[in-house]
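Asks: So I've got this file, work21.cif, and it contains mmCIF, C-alpha atoms and all ligand atoms; chains and numbers go by the auth columns:
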```cif
data_run
#
loop_
_atom_site.group_PDB
_atom_site.id
_atom_site.type_symbol
_atom_site.label_atom_id
_atom_site.label_comp_id
_atom_site.label_asym_id
_atom_site.label_seq_id
_atom_site.Cartn_x
_atom_site.Cartn_y
_atom_site.Cartn_z
_atom_site.B_iso_or_equiv
_atom_site.auth_seq_id
_atom_site.auth_asym_id
ATOM 1 C CA MET A 1 -2.922 29.659 -92.869 0.00 1 A
ATOM 2 C CA ILE A 2 -1.828 26.662 -90.838 0.00 2 A
ATOM 3 C CA LYS A 3 -0.961 24.839 -94.031 0.00 3 A
ATOM 4 C CA LYS A 4 1.135 27.836 -95.104 0.00 4 A
ATOM 5 C CA ILE A 5 2.900 27.791 -91.759 0.00 5 A
ATOM 6 C CA ILE A 6 3.535 24.056 -92.074 0.00 6 A
ATOM 7 C CA VAL A 7 4.773 24.542 -95.616 0.00 7 A
ATOM 8 C CA SER A 8 6.984 27.385 -94.403 0.00 8 A
ATOM 9 C CA ILE A 9 8.375 25.168 -91.650 0.00 9 A
ATOM 10 C CA CYS A 10 8.984 22.454 -94.204 0.00 10 A
ATOM 11 C CA ILE A 11 10.752 24.960 -96.462 0.00 11 A
ATOM 12 C CA ILE A 12 12.786 26.277 -93.551 0.00 12 A
ATOM 13 C CA THR A 13 13.638 22.723 -92.587 0.00 13 A
ATOM 14 C CA LEU A 14 14.649 21.905 -96.154 0.00 14 A
ATOM 15 C CA MET A 15 16.721 25.096 -96.322 0.00 15 A
ATOM 16 C CA THR A 16 18.310 24.168 -93.028 0.00 16 A
ATOM 17 C CA PHE A 17 19.222 20.789 -94.458 0.00 17 A
ATOM 18 C CA PHE A 18 20.442 22.542 -97.580 0.00 18 A
ATOM 19 C CA ILE A 19 22.574 24.919 -95.514 0.00 19 A
ATOM 20 C CA VAL A 20 23.855 21.994 -93.486 0.00 20 A
ATOM 21 C CA GLY A 21 24.516 20.367 -96.835 0.00 21 A
ATOM 22 C CA CYS A 22 26.448 23.481 -97.804 0.00 22 A
ATOM 23 C CA GLY A 23 28.157 23.241 -94.482 0.00 23 A
ATOM 24 C CA GLU A 24 29.257 19.772 -95.423 0.00 24 A
ATOM 25 C CA THR A 25 30.369 21.219 -98.724 0.00 25 A
ATOM 26 C CA VAL A 26 32.341 23.743 -96.707 0.00 26 A
ATOM 27 C CA GLU A 27 33.842 20.855 -94.823 0.00 27 A
ATOM 28 C CA GLU A 28 35.198 19.512 -98.078 0.00 28 A
ATOM 29 C CA PRO A 29 37.755 22.340 -98.203 0.00 29 A
ATOM 30 C CA VAL A 30 38.652 20.965 -94.800 0.00 30 A
ATOM 31 C CA THR A 31 39.799 18.048 -96.889 0.00 31 A
ATOM 32 C CA SER A 32 42.284 20.354 -98.573 0.00 32 A
ATOM 33 C CA PRO A 33 44.153 20.761 -95.292 0.00 33 A
ATOM 34 C CA GLU A 34 44.593 17.047 -95.741 0.00 34 A
ATOM 35 C CA LEU A 35 46.140 18.029 -99.036 0.00 35 A
ATOM 36 C CA GLU A 36 48.313 20.359 -96.999 0.00 36 A
ATOM 37 C CA GLU A 37 49.173 17.341 -94.948 0.00 37 A
ATOM 38 C CA ALA A 38 49.928 15.670 -98.239 0.00 38 A
ATOM 39 C CA GLU A 39 52.155 18.657 -98.898 0.00 39 A
ATOM 40 C CA THR A 40 53.722 17.958 -95.558 0.00 40 A
ATOM 41 C CA VAL A 41 54.561 14.508 -96.863 0.00 41 A
ATOM 42 C CA PRO A 42 56.879 15.983 -99.516 0.00 42 A
ATOM 43 C CA LEU A 43 58.533 17.753 -96.583 0.00 43 A
ATOM 44 C CA VAL A 44 59.503 14.327 -95.350 0.00 44 A
ATOM 45 C CA PRO A 45 61.470 13.617 -98.536 0.00 45 A
ATOM 46 C CA GLU A 46 63.113 16.982 -97.887 0.00 46 A
ATOM 47 C CA ASP A 47 63.985 15.658 -94.491 0.00 47 A
ATOM 48 C CA VAL A 48 65.287 12.596 -96.267 0.00 48 A
ATOM 49 C CA GLU A 49 67.402 14.941 -98.336 0.00 49 A
ATOM 50 C CA VAL A 50 68.629 16.409 -95.100 0.00 50 A
ATOM 51 C CA SER A 51 69.348 12.906 -93.919 0.00 51 A
ATOM 52 C CA ASP A 52 71.218 12.465 -97.187 0.00 52 A
ATOM 53 C CA ASN A 53 73.504 15.082 -95.743 0.00 53 A
ATOM 54 C CA GLU A 54 73.520 13.324 -92.418 0.00 54 A
ATOM 55 C CA PRO A 55 75.391 10.290 -93.737 0.00 55 A
ATOM 56 C CA VAL A 56 78.112 12.774 -94.595 0.00 56 A
ATOM 57 C CA MET A 57 77.981 13.768 -90.979 0.00 57 A
ATOM 58 C CA GLU A 58 78.058 10.098 -90.067 0.00 58 A
ATOM 59 C CA GLU A 59 81.133 9.743 -92.213 0.00 59 A
ATOM 60 C CA ASN A 60 82.570 12.598 -90.242 0.00 60 A
ATOM 61 C CA VAL A 61 81.631 10.732 -87.133 0.00 61 A
ATOM 62 C CA GLU A 62 83.326 7.661 -88.522 0.00 62 A
ATOM 63 C CA ASN A 63 86.364 9.792 -89.156 0.00 63 A
ATOM 64 C CA ALA A 64 86.392 10.715 -85.548 0.00 64 A
ATOM 65 C CA VAL A 65 89.208 10.874 -83.083 0.00 65 A
ATOM 66 C CA LYS A 66 90.342 7.372 -82.189 0.00 66 A
ATOM 67 C CA GLU A 67 92.058 7.357 -78.843 0.00 67 A
ATOM 68 C CA PHE A 68 94.406 4.703 -77.588 0.00 68 A
ATOM 69 C CA THR A 69 96.142 4.286 -74.290 0.00 69 A
ATOM 70 C CA MET A 70 99.407 2.447 -74.661 0.00 70 A
ATOM 71 C CA ILE A 71 102.105 1.106 -72.401 0.00 71 A
ATOM 72 C CA ALA A 72 105.732 1.101 -73.465 0.00 72 A
ATOM 73 C CA ARG A 73 108.101 -1.288 -71.716 0.00 73 A
ATOM 74 C CA LYS A 74 111.202 -3.312 -72.506 0.00 74 A
ATOM 75 C CA PHE A 75 110.744 -4.338 -75.233 0.00 75 A
ATOM 76 C CA GLU A 76 107.208 -3.980 -76.405 0.00 76 A
ATOM 77 C CA PHE A 77 104.233 -1.757 -76.883 0.00 77 A
ATOM 78 C CA GLU A 78 100.912 -2.791 -75.441 0.00 78 A
ATOM 79 C CA PRO A 79 98.738 -2.945 -77.422 0.00 79 A
ATOM 80 C CA ALA A 80 101.156 -3.824 -80.197 0.00 80 A
ATOM 81 C CA GLU A 81 98.502 -3.377 -82.867 0.00 81 A
ATOM 82 C CA ILE A 82 96.020 -0.575 -83.316 0.00 82 A
ATOM 83 C CA ARG A 83 93.393 -0.356 -86.039 0.00 83 A
ATOM 84 C CA VAL A 84 91.748 2.767 -87.381 0.00 84 A
ATOM 85 C CA MET A 85 89.826 3.875 -90.435 0.00 85 A
ATOM 86 C CA GLU A 86 91.340 6.025 -93.126 0.00 86 A
ATOM 87 C CA GLY A 87 90.755 9.660 -92.273 0.00 87 A
ATOM 88 C CA ASP A 88 90.596 9.075 -88.558 0.00 88 A
ATOM 89 C CA THR A 89 92.451 11.343 -86.237 0.00 89 A
ATOM 90 C CA VAL A 90 94.560 9.010 -84.149 0.00 90 A
ATOM 91 C CA ARG A 91 95.503 10.007 -80.638 0.00 91 A
ATOM 92 C CA ILE A 92 97.859 7.730 -78.773 0.00 92 A
ATOM 93 C CA THR A 93 98.676 8.348 -75.151 0.00 93 A
ATOM 94 C CA VAL A 94 101.685 6.250 -74.290 0.00 94 A
ATOM 95 C CA THR A 95 103.294 5.764 -70.914 0.00 95 A
ATOM 96 C CA SER A 96 106.670 4.257 -70.134 0.00 96 A
ATOM 97 C CA GLU A 97 106.501 1.591 -67.502 0.00 97 A
ATOM 98 C CA ASP A 98 110.246 1.419 -67.025 0.00 98 A
ATOM 99 C CA VAL A 99 113.001 3.250 -68.845 0.00 99 A
ATOM 100 C CA ALA A 100 112.996 5.977 -71.466 0.00 100 A
ATOM 101 C CA HIS A 101 111.318 5.034 -74.735 0.00 101 A
ATOM 102 C CA GLY A 102 109.907 6.752 -77.756 0.00 102 A
ATOM 103 C CA ILE A 103 107.161 6.202 -80.258 0.00 103 A
ATOM 104 C CA ALA A 104 107.732 6.869 -83.926 0.00 104 A
ATOM 105 C CA ILE A 105 105.662 6.300 -87.043 0.00 105 A
ATOM 106 C CA SER A 106 107.739 7.457 -89.996 0.00 106 A
ATOM 107 C CA GLU A 107 104.878 7.573 -92.521 0.00 107 A
ATOM 108 C CA PHE A 108 102.953 10.041 -90.377 0.00 108 A
ATOM 109 C CA ASP A 109 105.884 12.109 -89.138 0.00 109 A
ATOM 110 C CA VAL A 110 105.294 10.940 -85.602 0.00 110 A
ATOM 111 C CA LYS A 111 108.249 10.867 -83.222 0.00 111 A
ATOM 112 C CA GLU A 112 107.974 11.532 -79.533 0.00 112 A
ATOM 113 C CA ASP A 113 110.422 10.504 -76.842 0.00 113 A
ATOM 114 C CA PHE A 114 109.551 10.164 -73.189 0.00 114 A
ATOM 115 C CA GLY A 115 111.456 9.420 -70.042 0.00 115 A
ATOM 116 C CA PRO A 116 111.014 6.740 -67.383 0.00 116 A
ATOM 117 C CA GLY A 117 107.426 6.756 -66.139 0.00 117 A
ATOM 118 C CA GLU A 118 106.522 9.636 -68.398 0.00 118 A
ATOM 119 C CA THR A 119 103.398 9.922 -70.527 0.00 119 A
ATOM 120 C CA VAL A 120 103.148 11.625 -73.900 0.00 120 A
ATOM 121 C CA THR A 121 100.350 11.985 -76.405 0.00 121 A
ATOM 122 C CA VAL A 122 100.876 11.898 -80.137 0.00 122 A
ATOM 123 C CA GLU A 123 98.179 12.816 -82.617 0.00 123 A
ATOM 124 C CA PHE A 124 98.006 12.541 -86.368 0.00 124 A
ATOM 125 C CA VAL A 125 95.531 11.972 -89.188 0.00 125 A
ATOM 126 C CA ALA A 126 95.642 8.500 -90.686 0.00 126 A
ATOM 127 C CA ASP A 127 95.263 9.830 -94.224 0.00 127 A
ATOM 128 C CA LYS A 128 96.455 6.749 -96.057 0.00 128 A
ATOM 129 C CA LYS A 129 95.544 3.090 -95.931 0.00 129 A
ATOM 130 C CA GLY A 130 98.003 0.374 -95.153 0.00 130 A
ATOM 131 C CA THR A 131 99.919 -1.340 -92.407 0.00 131 A
ATOM 132 C CA PHE A 132 102.562 0.811 -90.822 0.00 132 A
ATOM 133 C CA THR A 133 105.154 0.022 -88.209 0.00 133 A
ATOM 134 C CA PHE A 134 105.527 2.110 -85.104 0.00 134 A
ATOM 135 C CA PHE A 135 108.697 1.648 -83.190 0.00 135 A
ATOM 136 C CA CYS A 136 110.643 2.768 -80.172 0.00 136 A
ATOM 137 C CA SER A 137 112.825 5.716 -81.039 0.00 137 A
ATOM 138 C CA VAL A 138 115.023 5.710 -77.948 0.00 138 A
ATOM 139 C CA PHE A 139 117.676 3.044 -77.472 0.00 139 A
ATOM 140 C CA CYS A 140 116.414 1.156 -74.454 0.00 140 A
ATOM 141 C CA GLY A 141 118.458 -2.030 -74.405 0.00 141 A
ATOM 142 C CA THR A 142 119.224 -5.249 -76.189 0.00 142 A
ATOM 143 C CA GLY A 143 115.681 -5.764 -77.462 0.00 143 A
ATOM 144 C CA HIS A 144 115.187 -2.184 -78.627 0.00 144 A
ATOM 145 C CA ARG A 145 115.091 -3.092 -82.293 0.00 145 A
ATOM 146 C CA GLU A 146 112.285 -5.528 -81.675 0.00 146 A
ATOM 147 C CA MET A 147 110.236 -2.969 -79.837 0.00 147 A
ATOM 148 C CA VAL A 148 107.736 -2.386 -82.610 0.00 148 A
ATOM 149 C CA GLY A 149 104.011 -2.413 -83.239 0.00 149 A
ATOM 150 C CA GLN A 150 101.603 -2.148 -86.121 0.00 150 A
ATOM 151 C CA LEU A 151 99.205 0.574 -87.103 0.00 151 A
ATOM 152 C CA VAL A 152 96.575 -0.745 -89.483 0.00 152 A
ATOM 153 C CA VAL A 153 94.660 1.895 -91.423 0.00 153 A
ATOM 154 C CA GLU A 154 91.616 0.409 -93.188 0.00 154 A
HETATM 155 CU CU CU B . 113.730 1.415 -77.327 0.00 1 B
#
```
Translate the structure of the given file into structure tokens.
Replies:
Amino acid sequence: MIKKIIVSICIITLMTFFIVGCGETVEEPVTSPELEEAETVPLVPEDVEVSDNEPVMEENVENAVKEFTMIARKFEFEPAEIRVMEGDTVRITVTSEDVAHGIAISEFDVKEDFGPGETVTVEFVADKKGTFTFFCSVFCGTGHREMVGQLVVE
């Protein structure tokens, strides 16, 4: 009888190991969640695809509003040169330091006059590349014709 009991214990022990072995086998499907993780990896390329769209957003960011603060005085603009990228929205806030002046950029239909000490803001989209002249559009004295600046659109 004792031998039978011992044999039974051995069998139970072996079955326990077998079940544990099955348990390990069950753990193998746990490996398939790793496959799910592997499926998550393709999600990253999808994110990359999203980031493919992001550069478009970045381009939009590049084509952002470029703001400039400018002083107009006899007979110059300061700064006399501004640089933007094609597609940028250009916003120039210009203040007269002395007499009445104006700022005009023919190619972009910009023309705004302002009185002594006044400030105006002009805004336009730099939708073409090139170097364009902006100039004073109000006769302000002997050097009026030389009161010009350059807008460079790259
Ligand atoms: Cu002028």
Asks: Using only C-alpha atoms and all ligand atoms, what table do you get, as JSON lines, when you list each residue of chain A with an atom no more than 9 Å from ligand CU 1 (chain B), its nearest pair of atoms, and their distance in Å rounded to one decimal, rows by chain then rising number?
Replies:
```
{"residue": "A:Ala72", "atom": "CA", "partner": "B:CU1", "partner_atom": "CU", "distance": 8.9}
{"residue": "A:Arg73", "atom": "CA", "partner": "B:CU1", "partner_atom": "CU", "distance": 8.4}
{"residue": "A:Lys74", "atom": "CA", "partner": "B:CU1", "partner_atom": "CU", "distance": 7.2}
{"residue": "A:Phe75", "atom": "CA", "partner": "B:CU1", "partner_atom": "CU", "distance": 6.8}
{"residue": "A:Glu76", "atom": "CA", "partner": "B:CU1", "partner_atom": "CU", "distance": 8.5}
{"residue": "A:Val99", "atom": "CA", "partner": "B:CU1", "partner_atom": "CU", "distance": 8.7}
{"residue": "A:Ala100", "atom": "CA", "partner": "B:CU1", "partner_atom": "CU", "distance": 7.5}
{"residue": "A:His101", "atom": "CA", "partner": "B:CU1", "partner_atom": "CU", "distance": 5.1}
{"residue": "A:Gly102", "atom": "CA", "partner": "B:CU1", "partner_atom": "CU", "distance": 6.6}
{"residue": "A:Ile103", "atom": "CA", "partner": "B:CU1", "partner_atom": "CU", "distance": 8.6}
{"residue": "A:Phe135", "atom": "CA", "partner": "B:CU1", "partner_atom": "CU", "distance": 7.7}
{"residue": "A:Cys136", "atom": "CA", "partner": "B:CU1", "partner_atom": "CU", "distance": 4.4}
{"residue": "A:Ser137", "atom": "CA", "partner": "B:CU1", "partner_atom": "CU", "distance": 5.8}
{"residue": "A:Val138", "atom": "CA", "partner": "B:CU1", "partner_atom": "CU", "distance": 4.5}
{"residue": "A:Phe139", "atom": "CA", "partner": "B:CU1", "partner_atom": "CU", "distance": 4.3}
{"residue": "A:Cys140", "atom": "CA", "partner": "B:CU1", "partner_atom": "CU", "distance": 3.9}
{"residue": "A:Gly141", "atom": "CA", "partner": "B:CU1", "partner_atom": "CU", "distance": 6.5}
{"residue": "A:Thr142", "atom": "CA", "partner": "B:CU1", "partner_atom": "CU", "distance": 8.7}
{"residue": "A:Gly143", "atom": "CA", "partner": "B:CU1", "partner_atom": "CU", "distance": 7.4}
{"residue": "A:His144", "atom": "CA", "partner": "B:CU1", "partner_atom": "CU", "distance": 4.1}
{"residue": "A:Arg145", "atom": "CA", "partner": "B:CU1", "partner_atom": "CU", "distance": 6.8}
{"residue": "A:Glu146", "atom": "CA", "partner": "B:CU1", "partner_atom": "CU", "distance": 8.3}
{"residue": "A:Met147", "atom": "CA", "partner": "B:CU1", "partner_atom": "CU", "distance": 6.1}
{"residue": "A:Val148", "atom": "CA", "partner": "B:CU1", "partner_atom": "CU", "distance": 8.8}
```
Asks: Would you compute the distance between CA of Met85 (chain A) and CA of Lys129 (chain A)? Give it in Å to one decimal.
Replies: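 Separation of CA of Met85 (chain A) and CA of Lys129 (chain A): 8.0 Å.
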Asks: For a quick check of your reading of the model, name the residues lying within 8 Å of the coordinate (103.0, 4.6, -72.1), counting all atoms listed in the file, and write them as a PyMOL selection string.
Replies: chain A and resi 69-73+93-97+117-120
Asks: For the residues selected in the previous step, produce a file with C-alpha atoms as a tab-separated table (two decimals), keeping the file's coordinate frame.
Replies:
```
chain	number	residue	atom	x	y	z
A	69	THR	CA	96.14	4.29	-74.29
A	70	MET	CA	99.41	2.45	-74.66
A	71	ILE	CA	102.10	1.11	-72.40
A	72	ALA	CA	105.73	1.10	-73.46
A	73	ARG	CA	108.10	-1.29	-71.72
A	93	THR	CA	98.68	8.35	-75.15
A	94	VAL	CA	101.68	6.25	-74.29
A	95	THR	CA	103.29	5.76	-70.91
A	96	SER	CA	106.67	4.26	-70.13
A	97	GLU	CA	106.50	1.59	-67.50
A	117	GLY	CA	107.43	6.76	-66.14
A	118	GLU	CA	106.52	9.64	-68.40
A	119	THR	CA	103.40	9.92	-70.53
A	120	VAL	CA	103.15	11.62	-73.90
```
Asks: To one decimal place in Å, what is the distance between CA of Thr89 (chain A) and CA of Gly149 (chain A)?
Replies: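 We find that CA of Thr89 (chain A) and CA of Gly149 (chain A) lie 18.2 Å from each other.
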Asks: Rounded to one decimal, what separation in Å do you get between CA of Pro79 (chain A) and CA of Ile105 (chain A)?
Replies: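 These two atoms are separated by 15.0 Å.
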Asks: Quick one: apply the PyMOL selection byres (((chain A and resi 87) around 7) and not hetatm) to the file and drop the selected residues here as a PyMOL selection string.
Replies: chain A and resi 63+85-86+88-89+125-127
Asks: Let me have the centre and edge lengths of the axis-aligned box enclosing all listed atoms of region 133-138 of chain A with 8 Å padding on every side, in Å to one decimal, as lines of an AutoDock Vina configuration file.
Replies:
```
center_x = 110.1
center_y = 2.9
center_z = -83.1
size_x = 25.9
size_y = 21.7
size_z = 26.3
```
Asks: Using all atoms listed in the file, find the one residue out of A:Phe134, A:Arg83, A:Glu78, A:Pro116 that sits nearest to Ala104 (chain A).
Replies: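 Of the candidates, the smallest distance to Ala104 (chain A) is held by A:Phe134.
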